[in-house]
Amino acid sequence: MRRIAVRAREGDLPGLFWLGGFKSDMRGTKALALDAWAAERRRACIRFDYSGHGESGGDFVEGTIGRWLEESVEVFEQFCVGPQVVIGSSMGGWMALLLARELARRPAPRVSLKGLVLIAPAPDFTEELMWKGFSSDIRHQIETTGVWLRPSEYGDPYPITRNLIEEGRQHLLLGGTIEVGCPVHILQGAQDPDVPWKHAFALAHRLPADDVVLTMIQDGDHRLSRPQDIARILAAVAEMG
């Protein structure tokens, strides 16, 4: 059984539920800012690390979208009650959308979605932003050895496994309409080198036309962790209720 590290703050509703990015953790700038904002307002707030990330157990190289989604749903249902605003960053944006779809399949869930705040959301990134952009040499290495070490400007290279790519195809969303059943606010940096702004537009077109706001931050990068970016994110959360 994988050990999942969770930080649960009790408080008023709607609660806040944080979903971090690929190779990120719940002690990042945005996650801590959200927790501090919740503390000041006595709002419930849940943060956790996927397996292979941060303080959780497990090996990152064994991770897949399906595994991390399963953990997200389990933590959400175990620690949350009542209406929740889900905030997803990068891969966490994909997780938030998959979580919404999973909840819609549940009969009379005790937890509901008040809204989604998606920061540089990266749905389908394993296929659209990784596999389709890889060179033939990289694809060959992944197919034959099962893994490729991708350089990262955020630290050590990290492994991209064949299992991550292939399993990710079971969770693709951008091929059709995405029904989430709640308002959505997307914040996207126009200078994002990891998730191009066109990806955010593609996602917006797949969401219902009503109750979707897309904020383009002209000088914003992928992290969106500057004070002015944090302020925009928290304002979007506050608007959800």
# chains A, B, ... in the order shown; residues from 1 in each chain; ligands from 1
call {"tool": "residues_around", "arguments": {"residues": "Gly52 (chain A)", "least_positions_apart": "2", "cutoff": "12 Å", "atoms": "only C-alpha atoms", "output": "mmCIF file with all heavy atoms, in the first residue's frame"}}
result
data_model
loop_
_atom_site.group_PDB
_atom_site.id
_atom_site.type_symbol
_atom_site.label_atom_id
_atom_site.label_comp_id
_atom_site.auth_asym_id
_atom_site.auth_seq_id
_atom_site.Cartn_x
_atom_site.Cartn_y
_atom_site.Cartn_z
ATOM 1 N N ARG A 2 0.642 2.168 -0.933
ATOM 2 C CA ARG A 2 1.434 3.383 -1.015
ATOM 3 C C ARG A 2 1.039 4.350 0.108
ATOM 4 O O ARG A 2 -0.134 4.526 0.402
ATOM 5 C CB ARG A 2 1.218 4.049 -2.379
ATOM 6 C CG ARG A 2 1.659 3.186 -3.558
ATOM 7 C CD ARG A 2 1.492 3.918 -4.870
ATOM 8 N NE ARG A 2 0.110 4.226 -5.185
ATOM 9 C CZ ARG A 2 -0.732 3.390 -5.778
ATOM 10 N NH1 ARG A 2 -0.325 2.174 -6.105
ATOM 11 N NH2 ARG A 2 -1.974 3.755 -6.067
ATOM 12 N N ARG A 3 2.039 4.975 0.712
ATOM 13 C CA ARG A 3 1.785 5.951 1.772
ATOM 14 C C ARG A 3 1.668 7.332 1.151
ATOM 15 O O ARG A 3 2.588 7.817 0.495
ATOM 16 C CB ARG A 3 2.931 5.930 2.784
ATOM 17 C CG ARG A 3 2.745 6.916 3.940
ATOM 18 C CD ARG A 3 3.971 6.925 4.832
ATOM 19 N NE ARG A 3 5.172 7.299 4.098
ATOM 20 C CZ ARG A 3 5.505 8.561 3.807
ATOM 21 N NH1 ARG A 3 4.724 9.559 4.176
ATOM 22 N NH2 ARG A 3 6.612 8.816 3.140
ATOM 23 N N ILE A 4 0.500 7.965 1.340
ATOM 24 C CA ILE A 4 0.244 9.279 0.759
ATOM 25 C C ILE A 4 0.249 10.326 1.875
ATOM 26 O O ILE A 4 -0.510 10.226 2.841
ATOM 27 C CB ILE A 4 -1.109 9.312 0.014
ATOM 28 C CG1 ILE A 4 -1.137 8.240 -1.095
ATOM 29 C CG2 ILE A 4 -1.373 10.692 -0.566
ATOM 30 C CD1 ILE A 4 -0.052 8.400 -2.140
ATOM 31 N N ALA A 5 1.109 11.325 1.733
ATOM 32 C CA ALA A 5 1.209 12.401 2.722
ATOM 33 C C ALA A 5 0.126 13.435 2.448
ATOM 34 O O ALA A 5 -0.015 13.918 1.323
ATOM 35 C CB ALA A 5 2.590 13.050 2.649
ATOM 36 N N PHE A 22 3.229 17.825 -12.157
ATOM 37 C CA PHE A 22 4.141 16.719 -12.432
ATOM 38 C C PHE A 22 5.499 17.031 -11.818
ATOM 39 O O PHE A 22 6.092 18.061 -12.110
ATOM 40 C CB PHE A 22 4.247 16.569 -13.957
ATOM 41 C CG PHE A 22 5.021 15.383 -14.441
ATOM 42 C CD1 PHE A 22 4.526 14.101 -14.302
ATOM 43 C CD2 PHE A 22 6.229 15.550 -15.108
ATOM 44 C CE1 PHE A 22 5.222 13.002 -14.789
ATOM 45 C CE2 PHE A 22 6.935 14.471 -15.604
ATOM 46 C CZ PHE A 22 6.417 13.189 -15.438
ATOM 47 N N LYS A 23 5.944 16.166 -10.928
ATOM 48 C CA LYS A 23 7.230 16.327 -10.246
ATOM 49 C C LYS A 23 7.229 17.502 -9.265
ATOM 50 O O LYS A 23 8.280 18.002 -8.869
ATOM 51 C CB LYS A 23 8.349 16.518 -11.259
ATOM 52 C CG LYS A 23 9.458 15.468 -11.429
ATOM 53 C CD LYS A 23 9.805 14.673 -10.241
ATOM 54 C CE LYS A 23 11.044 13.819 -10.480
ATOM 55 N NZ LYS A 23 11.710 13.455 -9.228
ATOM 56 N N SER A 24 6.047 17.979 -8.878
ATOM 57 C CA SER A 24 5.944 19.064 -7.910
ATOM 58 C C SER A 24 5.503 18.482 -6.570
ATOM 59 O O SER A 24 5.361 17.274 -6.433
ATOM 60 C CB SER A 24 4.936 20.102 -8.410
ATOM 61 O OG SER A 24 4.885 21.216 -7.549
ATOM 62 N N ASP A 25 5.284 19.344 -5.582
ATOM 63 C CA ASP A 25 4.831 18.845 -4.288
ATOM 64 C C ASP A 25 4.020 19.921 -3.572
ATOM 65 O O ASP A 25 3.927 21.058 -4.036
ATOM 66 C CB ASP A 25 6.007 18.370 -3.420
ATOM 67 C CG ASP A 25 6.981 19.482 -3.087
ATOM 68 O OD1 ASP A 25 6.569 20.430 -2.389
ATOM 69 O OD2 ASP A 25 8.152 19.412 -3.508
ATOM 70 N N PHE A 48 -1.909 17.470 -0.670
ATOM 71 C CA PHE A 48 -1.277 16.152 -0.551
ATOM 72 C C PHE A 48 -0.248 15.995 -1.659
ATOM 73 O O PHE A 48 -0.195 16.799 -2.599
ATOM 74 C CB PHE A 48 -2.332 15.040 -0.633
ATOM 75 C CG PHE A 48 -2.841 14.749 -2.022
ATOM 76 C CD1 PHE A 48 -2.378 13.653 -2.738
ATOM 77 C CD2 PHE A 48 -3.782 15.585 -2.624
ATOM 78 C CE1 PHE A 48 -2.843 13.399 -4.020
ATOM 79 C CE2 PHE A 48 -4.256 15.336 -3.895
ATOM 80 C CZ PHE A 48 -3.784 14.231 -4.599
ATOM 81 N N ASP A 49 0.584 14.977 -1.525
ATOM 82 C CA ASP A 49 1.575 14.641 -2.546
ATOM 83 C C ASP A 49 1.200 13.321 -3.208
ATOM 84 O O ASP A 49 0.888 12.347 -2.525
ATOM 85 C CB ASP A 49 2.974 14.507 -1.931
ATOM 86 C CG ASP A 49 3.574 15.850 -1.548
ATOM 87 O OD1 ASP A 49 3.254 16.853 -2.217
ATOM 88 O OD2 ASP A 49 4.372 15.893 -0.585
ATOM 89 N N TYR A 50 1.238 13.296 -4.536
ATOM 90 C CA TYR A 50 1.051 12.028 -5.241
ATOM 91 C C TYR A 50 2.175 11.065 -4.846
ATOM 92 O O TYR A 50 3.241 11.486 -4.390
ATOM 93 C CB TYR A 50 1.121 12.219 -6.758
ATOM 94 C CG TYR A 50 0.287 13.335 -7.325
ATOM 95 C CD1 TYR A 50 0.891 14.472 -7.871
ATOM 96 C CD2 TYR A 50 -1.104 13.258 -7.356
ATOM 97 C CE1 TYR A 50 0.149 15.498 -8.422
ATOM 98 C CE2 TYR A 50 -1.866 14.287 -7.911
ATOM 99 C CZ TYR A 50 -1.239 15.411 -8.432
ATOM 100 O OH TYR A 50 -1.979 16.419 -8.974
ATOM 101 N N GLY A 54 7.265 14.510 -3.362
ATOM 102 C CA GLY A 54 7.325 15.129 -2.050
ATOM 103 C C GLY A 54 7.500 14.157 -0.899
ATOM 104 O O GLY A 54 8.428 13.338 -0.873
ATOM 105 N N GLU A 55 6.553 14.227 0.053
ATOM 106 C CA GLU A 55 6.644 13.449 1.284
ATOM 107 C C GLU A 55 5.958 12.083 1.179
ATOM 108 O O GLU A 55 5.989 11.319 2.151
ATOM 109 C CB GLU A 55 6.027 14.248 2.437
ATOM 110 C CG GLU A 55 6.706 15.583 2.695
ATOM 111 C CD GLU A 55 5.931 16.440 3.693
ATOM 112 O OE1 GLU A 55 5.073 15.892 4.414
ATOM 113 O OE2 GLU A 55 6.176 17.650 3.735
ATOM 114 N N SER A 56 5.342 11.793 0.056
ATOM 115 C CA SER A 56 4.645 10.508 -0.083
ATOM 116 C C SER A 56 5.607 9.385 -0.423
ATOM 117 O O SER A 56 6.718 9.619 -0.917
ATOM 118 C CB SER A 56 3.558 10.602 -1.163
ATOM 119 O OG SER A 56 2.471 11.399 -0.716
ATOM 120 N N GLY A 57 5.171 8.169 -0.152
ATOM 121 C CA GLY A 57 5.975 7.005 -0.493
ATOM 122 C C GLY A 57 5.848 6.668 -1.971
ATOM 123 O O GLY A 57 5.170 7.345 -2.731
ATOM 124 N N GLY A 58 6.497 5.589 -2.351
ATOM 125 C CA GLY A 58 6.430 5.154 -3.738
ATOM 126 C C GLY A 58 7.557 5.733 -4.579
ATOM 127 O O GLY A 58 8.223 6.692 -4.194
ATOM 128 N N ASP A 59 7.742 5.153 -5.736
ATOM 129 C CA ASP A 59 8.803 5.548 -6.661
ATOM 130 C C ASP A 59 8.190 6.328 -7.820
ATOM 131 O O ASP A 59 7.245 5.861 -8.461
ATOM 132 C CB ASP A 59 9.519 4.296 -7.179
ATOM 133 C CG ASP A 59 10.810 4.622 -7.903
ATOM 134 O OD1 ASP A 59 10.935 5.757 -8.401
ATOM 135 O OD2 ASP A 59 11.683 3.742 -7.989
ATOM 136 N N PHE A 60 8.730 7.498 -8.100
ATOM 137 C CA PHE A 60 8.203 8.334 -9.181
ATOM 138 C C PHE A 60 8.143 7.583 -10.505
ATOM 139 O O PHE A 60 7.196 7.735 -11.280
ATOM 140 C CB PHE A 60 9.056 9.593 -9.338
ATOM 141 C CG PHE A 60 8.625 10.492 -10.460
ATOM 142 C CD1 PHE A 60 7.575 11.390 -10.287
ATOM 143 C CD2 PHE A 60 9.255 10.438 -11.689
ATOM 144 C CE1 PHE A 60 7.170 12.208 -11.328
ATOM 145 C CE2 PHE A 60 8.858 11.262 -12.737
ATOM 146 C CZ PHE A 60 7.805 12.155 -12.557
ATOM 147 N N VAL A 61 9.140 6.761 -10.766
ATOM 148 C CA VAL A 61 9.225 6.074 -12.053
ATOM 149 C C VAL A 61 8.072 5.097 -12.257
ATOM 150 O O VAL A 61 7.769 4.704 -13.385
ATOM 151 C CB VAL A 61 10.595 5.359 -12.194
ATOM 152 C CG1 VAL A 61 10.616 4.073 -11.380
ATOM 153 C CG2 VAL A 61 10.926 5.089 -13.650
ATOM 154 N N GLU A 62 7.403 4.716 -11.186
ATOM 155 C CA GLU A 62 6.273 3.796 -11.290
ATOM 156 C C GLU A 62 4.941 4.534 -11.454
ATOM 157 O O GLU A 62 3.891 3.918 -11.584
ATOM 158 C CB GLU A 62 6.204 2.906 -10.043
ATOM 159 C CG GLU A 62 7.410 1.981 -9.889
ATOM 160 C CD GLU A 62 7.355 1.172 -8.610
ATOM 161 O OE1 GLU A 62 6.412 1.388 -7.804
ATOM 162 O OE2 GLU A 62 8.242 0.322 -8.417
ATOM 163 N N GLY A 63 4.983 5.847 -11.440
ATOM 164 C CA GLY A 63 3.757 6.627 -11.498
ATOM 165 C C GLY A 63 3.124 6.665 -12.875
ATOM 166 O O GLY A 63 3.807 6.609 -13.905
ATOM 167 N N THR A 64 1.796 6.755 -12.892
ATOM 168 C CA THR A 64 1.025 6.929 -14.117
ATOM 169 C C THR A 64 -0.119 7.897 -13.826
ATOM 170 O O THR A 64 -0.438 8.160 -12.664
ATOM 171 C CB THR A 64 0.413 5.604 -14.610
ATOM 172 O OG1 THR A 64 -0.493 5.107 -13.598
ATOM 173 C CG2 THR A 64 1.490 4.555 -14.892
ATOM 174 N N ARG A 67 -2.757 6.049 -11.790
ATOM 175 C CA ARG A 67 -2.389 5.840 -10.384
ATOM 176 C C ARG A 67 -2.584 7.138 -9.598
ATOM 177 O O ARG A 67 -3.166 7.135 -8.513
ATOM 178 C CB ARG A 67 -0.941 5.372 -10.282
ATOM 179 C CG ARG A 67 -0.409 5.387 -8.852
ATOM 180 C CD ARG A 67 1.037 4.947 -8.754
ATOM 181 N NE ARG A 67 1.154 3.505 -8.872
ATOM 182 C CZ ARG A 67 2.226 2.813 -8.460
ATOM 183 N NH1 ARG A 67 3.252 3.434 -7.907
ATOM 184 N NH2 ARG A 67 2.274 1.504 -8.607
ATOM 185 N N TRP A 68 -2.093 8.254 -10.155
ATOM 186 C CA TRP A 68 -2.205 9.529 -9.435
ATOM 187 C C TRP A 68 -3.659 9.997 -9.367
ATOM 188 O O TRP A 68 -4.053 10.632 -8.380
ATOM 189 C CB TRP A 68 -1.305 10.558 -10.099
ATOM 190 C CG TRP A 68 0.154 10.201 -9.973
ATOM 191 C CD1 TRP A 68 0.758 9.551 -8.920
ATOM 192 C CD2 TRP A 68 1.190 10.442 -10.924
ATOM 193 N NE1 TRP A 68 2.092 9.383 -9.154
ATOM 194 C CE2 TRP A 68 2.408 9.922 -10.374
ATOM 195 C CE3 TRP A 68 1.238 11.048 -12.177
ATOM 196 C CZ2 TRP A 68 3.623 10.005 -11.055
ATOM 197 C CZ3 TRP A 68 2.449 11.134 -12.857
ATOM 198 C CH2 TRP A 68 3.626 10.611 -12.291
ATOM 199 N N GLU A 71 -5.270 8.099 -6.502
ATOM 200 C CA GLU A 71 -4.883 8.689 -5.218
ATOM 201 C C GLU A 71 -5.635 9.999 -4.963
ATOM 202 O O GLU A 71 -6.068 10.270 -3.843
ATOM 203 C CB GLU A 71 -3.368 8.916 -5.202
ATOM 204 C CG GLU A 71 -2.572 7.623 -5.248
ATOM 205 C CD GLU A 71 -1.129 7.806 -5.651
ATOM 206 O OE1 GLU A 71 -0.714 8.953 -5.916
ATOM 207 O OE2 GLU A 71 -0.395 6.799 -5.711
ATOM 208 N N TYR A 158 14.325 14.051 -15.161
ATOM 209 C CA TYR A 158 13.354 13.121 -14.591
ATOM 210 C C TYR A 158 12.908 12.115 -15.642
ATOM 211 O O TYR A 158 12.879 12.395 -16.845
ATOM 212 C CB TYR A 158 12.160 13.841 -13.968
ATOM 213 C CG TYR A 158 11.494 14.902 -14.801
ATOM 214 C CD1 TYR A 158 10.591 14.575 -15.803
ATOM 215 C CD2 TYR A 158 11.750 16.253 -14.558
ATOM 216 C CE1 TYR A 158 9.959 15.557 -16.547
ATOM 217 C CE2 TYR A 158 11.124 17.236 -15.300
ATOM 218 C CZ TYR A 158 10.228 16.877 -16.291
ATOM 219 O OH TYR A 158 9.606 17.853 -17.028
ATOM 220 N N PRO A 159 12.587 10.912 -15.168
ATOM 221 C CA PRO A 159 12.291 9.824 -16.092
ATOM 222 C C PRO A 159 10.908 9.927 -16.720
ATOM 223 O O PRO A 159 9.916 10.153 -16.035
ATOM 224 C CB PRO A 159 12.388 8.578 -15.211
ATOM 225 C CG PRO A 159 12.057 9.064 -13.834
ATOM 226 C CD PRO A 159 12.568 10.472 -13.758
#
call {"tool": "residues_around", "arguments": {"residues": "Arg139 (chain A)", "least_positions_apart": "4", "cutoff": "12 Å", "atoms": "only C-alpha atoms", "output": "ChimeraX atom specification"}}
result
/A:127,130-135,143-150,160-162,165-166
call {"tool": "write_last_selection", "arguments": {"atoms": "C-alpha atoms", "output": "PDB file, in the first residue's frame"}}
result
ATOM      1  CA  GLU A 127       0.424  12.660 -25.522  1.00  0.00           C
ATOM      2  CA  MET A 130       5.374  15.000 -24.689  1.00  0.00           C
ATOM      3  CA  TRP A 131       4.979  12.123 -27.133  1.00  0.00           C
ATOM      4  CA  LYS A 132       3.942  14.155 -30.178  1.00  0.00           C
ATOM      5  CA  GLY A 133       6.836  16.552 -29.621  1.00  0.00           C
ATOM      6  CA  PHE A 134       9.535  13.943 -29.025  1.00  0.00           C
ATOM      7  CA  SER A 135      12.087  13.215 -31.728  1.00  0.00           C
ATOM      8  CA  GLU A 143       9.955   2.147 -26.763  1.00  0.00           C
ATOM      9  CA  THR A 144      13.073  -0.011 -26.530  1.00  0.00           C
ATOM     10  CA  THR A 145      14.419   0.744 -23.034  1.00  0.00           C
ATOM     11  CA  GLY A 146      11.177   1.810 -21.372  1.00  0.00           C
ATOM     12  CA  VAL A 147      12.463   5.150 -20.121  1.00  0.00           C
ATOM     13  CA  TRP A 148      14.073   8.434 -21.159  1.00  0.00           C
ATOM     14  CA  LEU A 149      15.638  10.952 -18.770  1.00  0.00           C
ATOM     15  CA  ARG A 150      14.208  14.327 -19.699  1.00  0.00           C
ATOM     16  CA  ILE A 160       9.609   9.650 -18.772  1.00  0.00           C
ATOM     17  CA  THR A 161       8.519   6.016 -18.937  1.00  0.00           C
ATOM     18  CA  ARG A 162       6.792   4.045 -21.657  1.00  0.00           C
ATOM     19  CA  ILE A 165       2.886   7.507 -22.023  1.00  0.00           C
ATOM     20  CA  GLU A 166       0.875   4.401 -22.848  1.00  0.00           C
TER      21      GLU A 166
END
call {"tool": "select_by_dssp", "arguments": {"residues": "region 129-187 of chain A", "states": "strand (DSSP E)", "output": "PyMOL selection string"}}
result
chain A and resi 147-152+155-161+184-187
call {"tool": "residues_around", "arguments": {"residues": "Arg41 (chain A)", "least_positions_apart": "5", "cutoff": "10 Å", "atoms": "only C-alpha atoms", "output": "ChimeraX atom specification"}}
result
/A:11-12,35-36
call {"tool": "write_last_selection", "arguments": {"atoms": "all heavy atoms", "output": "PDB file, in the first residue's frame"}}
result
ATOM      1  N   GLY A  11     -11.931  23.743   8.589  1.00  0.00           N
ATOM      2  CA  GLY A  11     -12.445  25.100   8.522  1.00  0.00           C
ATOM      3  C   GLY A  11     -13.773  25.171   7.813  1.00  0.00           C
ATOM      4  O   GLY A  11     -14.439  24.154   7.583  1.00  0.00           O
ATOM      5  N   ASP A  12     -14.149  26.391   7.462  1.00  0.00           N
ATOM      6  CA  ASP A  12     -15.440  26.631   6.837  1.00  0.00           C
ATOM      7  C   ASP A  12     -15.445  26.168   5.384  1.00  0.00           C
ATOM      8  O   ASP A  12     -14.393  25.988   4.759  1.00  0.00           O
ATOM      9  CB  ASP A  12     -15.787  28.120   6.905  1.00  0.00           C
ATOM     10  CG  ASP A  12     -15.935  28.627   8.338  1.00  0.00           C
ATOM     11  OD1 ASP A  12     -16.252  27.789   9.212  1.00  0.00           O
ATOM     12  OD2 ASP A  12     -15.729  29.826   8.569  1.00  0.00           O
ATOM     13  N   ASP A  35      -2.744  27.705   1.178  1.00  0.00           N
ATOM     14  CA  ASP A  35      -2.975  27.265   2.549  1.00  0.00           C
ATOM     15  C   ASP A  35      -2.999  28.453   3.510  1.00  0.00           C
ATOM     16  O   ASP A  35      -3.831  28.514   4.426  1.00  0.00           O
ATOM     17  CB  ASP A  35      -1.888  26.260   2.952  1.00  0.00           C
ATOM     18  CG  ASP A  35      -2.128  25.683   4.341  1.00  0.00           C
ATOM     19  OD1 ASP A  35      -3.112  24.942   4.515  1.00  0.00           O
ATOM     20  OD2 ASP A  35      -1.336  25.989   5.252  1.00  0.00           O
ATOM     21  N   ALA A  36      -2.096  29.399   3.308  1.00  0.00           N
ATOM     22  CA  ALA A  36      -2.057  30.589   4.174  1.00  0.00           C
ATOM     23  C   ALA A  36      -3.325  31.422   3.986  1.00  0.00           C
ATOM     24  O   ALA A  36      -3.875  31.948   4.962  1.00  0.00           O
ATOM     25  CB  ALA A  36      -0.817  31.425   3.844  1.00  0.00           C
TER      26      ALA A  36
END
call {"tool": "closest_residue", "arguments": {"among": "A:Asp211, A:Gly168, A:Tyr154, A:Ile46", "to": "Val75 (chain A)", "atoms": "only C-alpha atoms"}}
result
A:Ile46
call {"tool": "residues_around", "arguments": {"residues": "Leu13 (chain A)", "least_positions_apart": "6", "cutoff": "9 Å", "atoms": "only C-alpha atoms", "output": "PyMOL selection string"}}
result
chain A and resi 43-44+81-84+241
call {"tool": "write_last_selection", "arguments": {"atoms": "C-alpha atoms", "output": "PDB file, in the first residue's frame"}}
result
ATOM      1  CA  ARG A  43     -11.409  27.881   5.363  1.00  0.00           C
ATOM      2  CA  ALA A  44     -10.877  24.147   5.063  1.00  0.00           C
ATOM      3  CA  VAL A  81     -16.990  16.994   2.776  1.00  0.00           C
ATOM      4  CA  GLY A  82     -19.513  19.365   1.225  1.00  0.00           C
ATOM      5  CA  PRO A  83     -18.738  21.843  -1.571  1.00  0.00           C
ATOM      6  CA  GLN A  84     -15.116  22.199  -2.656  1.00  0.00           C
ATOM      7  CA  GLY A 241     -17.223  31.361  -3.193  1.00  0.00           C
TER       8      GLY A 241
END
call {"tool": "closest_residue", "arguments": {"among": "A:Gly115, A:Ala39, A:Glu74, A:Ala100", "to": "Glu239 (chain A)", "atoms": "only C-alpha atoms"}}
result
A:Gly115
call {"tool": "select_by_dssp", "arguments": {"residues": "region 24-167 of chain A", "states": "helix (DSSP H, G or I)", "output": "count of residues only"}}
result
69
call {"tool": "residues_around", "arguments": {"residues": "Leu19 (chain A)", "least_positions_apart": "2", "cutoff": "8 Å", "atoms": "only C-alpha atoms", "output": "list in words"}}
result
Phe17, Gly21, Arg47, Phe48, Ser72, Val86, Ile87, Gly88, Ser89, Gly92, Gly93, Met95 and Ala96 of chain A
call {"tool": "write_last_selection", "arguments": {"atoms": "N, CA and C atoms", "output": "short mmCIF file (atom, residue, chain, number, x, y, z; two decimals), in the first residue's frame"}}
result
data_model
loop_
_atom_site.label_atom_id
_atom_site.label_comp_id
_atom_site.auth_asym_id
_atom_site.auth_seq_id
_atom_site.Cartn_x
_atom_site.Cartn_y
_atom_site.Cartn_z
N PHE A 17 -9.17 22.37 -2.31
CA PHE A 17 -8.47 21.11 -2.55
C PHE A 17 -7.40 21.35 -3.60
N GLY A 21 1.43 19.72 -9.60
CA GLY A 21 1.89 19.38 -10.93
C GLY A 21 2.82 18.18 -10.96
N ARG A 47 -4.14 19.61 1.13
CA ARG A 47 -3.02 19.44 0.20
C ARG A 47 -2.47 18.03 0.38
N PHE A 48 -1.91 17.47 -0.67
CA PHE A 48 -1.28 16.15 -0.55
C PHE A 48 -0.25 16.00 -1.66
N SER A 72 -5.79 10.80 -6.02
CA SER A 72 -6.50 12.08 -5.88
C SER A 72 -7.95 11.86 -5.46
N VAL A 86 -11.67 23.19 -6.30
CA VAL A 86 -10.48 22.42 -6.62
C VAL A 86 -9.53 23.29 -7.44
N ILE A 87 -8.29 23.39 -6.96
CA ILE A 87 -7.27 24.19 -7.64
C ILE A 87 -6.21 23.24 -8.17
N GLY A 88 -6.06 23.21 -9.49
CA GLY A 88 -5.10 22.29 -10.10
C GLY A 88 -4.06 23.03 -10.90
N SER A 89 -2.79 22.71 -10.69
CA SER A 89 -1.68 23.36 -11.38
C SER A 89 -1.02 22.39 -12.35
N GLY A 92 -1.91 18.95 -12.41
CA GLY A 92 -3.04 19.01 -11.48
C GLY A 92 -4.30 19.51 -12.15
N GLY A 93 -4.16 20.31 -13.22
CA GLY A 93 -5.33 20.74 -13.97
C GLY A 93 -5.99 19.57 -14.67
N MET A 95 -5.70 16.46 -13.61
CA MET A 95 -6.26 15.68 -12.53
C MET A 95 -7.61 16.25 -12.07
N ALA A 96 -7.71 17.58 -12.00
CA ALA A 96 -8.96 18.21 -11.57
C ALA A 96 -10.10 17.88 -12.52
#
call {"tool": "closest_residue", "arguments": {"among": "A:Pro14, A:Pro107, A:Gly66, A:Pro208", "to": "Gly181 (chain A)", "atoms": "only C-alpha atoms"}}
result
A:Pro208
call {"tool": "atom_distance", "arguments": {"atom1": "CA of Arg223 (chain A)", "atom2": "CA of Glu70 (chain A)"}}
result
24.9 Å
call {"tool": "closest_atom_pairs", "arguments": {"of": "region 172-237 of chain A", "to": "region 101-104 of chain A", "cutoff": "9 Å", "atoms": "only C-alpha atoms", "output": "tab-separated table"}}
result
residue	atom	partner	partner_atom	distance
A:Ile178	CA	A:Arg101	CA	8.1
A:Glu179	CA	A:Arg101	CA	7.0
A:Val180	CA	A:Arg101	CA	6.2
A:Gly181	CA	A:Ala104	CA	7.9
call {"tool": "residues_around", "arguments": {"residues": "Pro196 (chain A)", "least_positions_apart": "2", "cutoff": "10 Å", "atoms": "only C-alpha atoms", "output": "list in words"}}
result
Ala120, Pro121, Ala122, Leu129, Gln188, Gly189, Ala190, Gln191, Asp192, Pro193, Asp194, Lys198, His199, Ala200, Phe201, Asp221 and His222 of chain A
call {"tool": "closest_residue", "arguments": {"among": "A:Ile65, A:Gly176, A:Ala236, A:Leu224", "to": "Leu98 (chain A)", "atoms": "only C-alpha atoms"}}
result
A:Ile65
call {"tool": "atom_distance", "arguments": {"atom1": "CA of Asp219 (chain A)", "atom2": "CA of Leu207 (chain A)"}}
result
25.0 Å
call {"tool": "atom_distance", "arguments": {"atom1": "CA of Val73 (chain A)", "atom2": "CA of Lys30 (chain A)"}}
result
21.1 Å
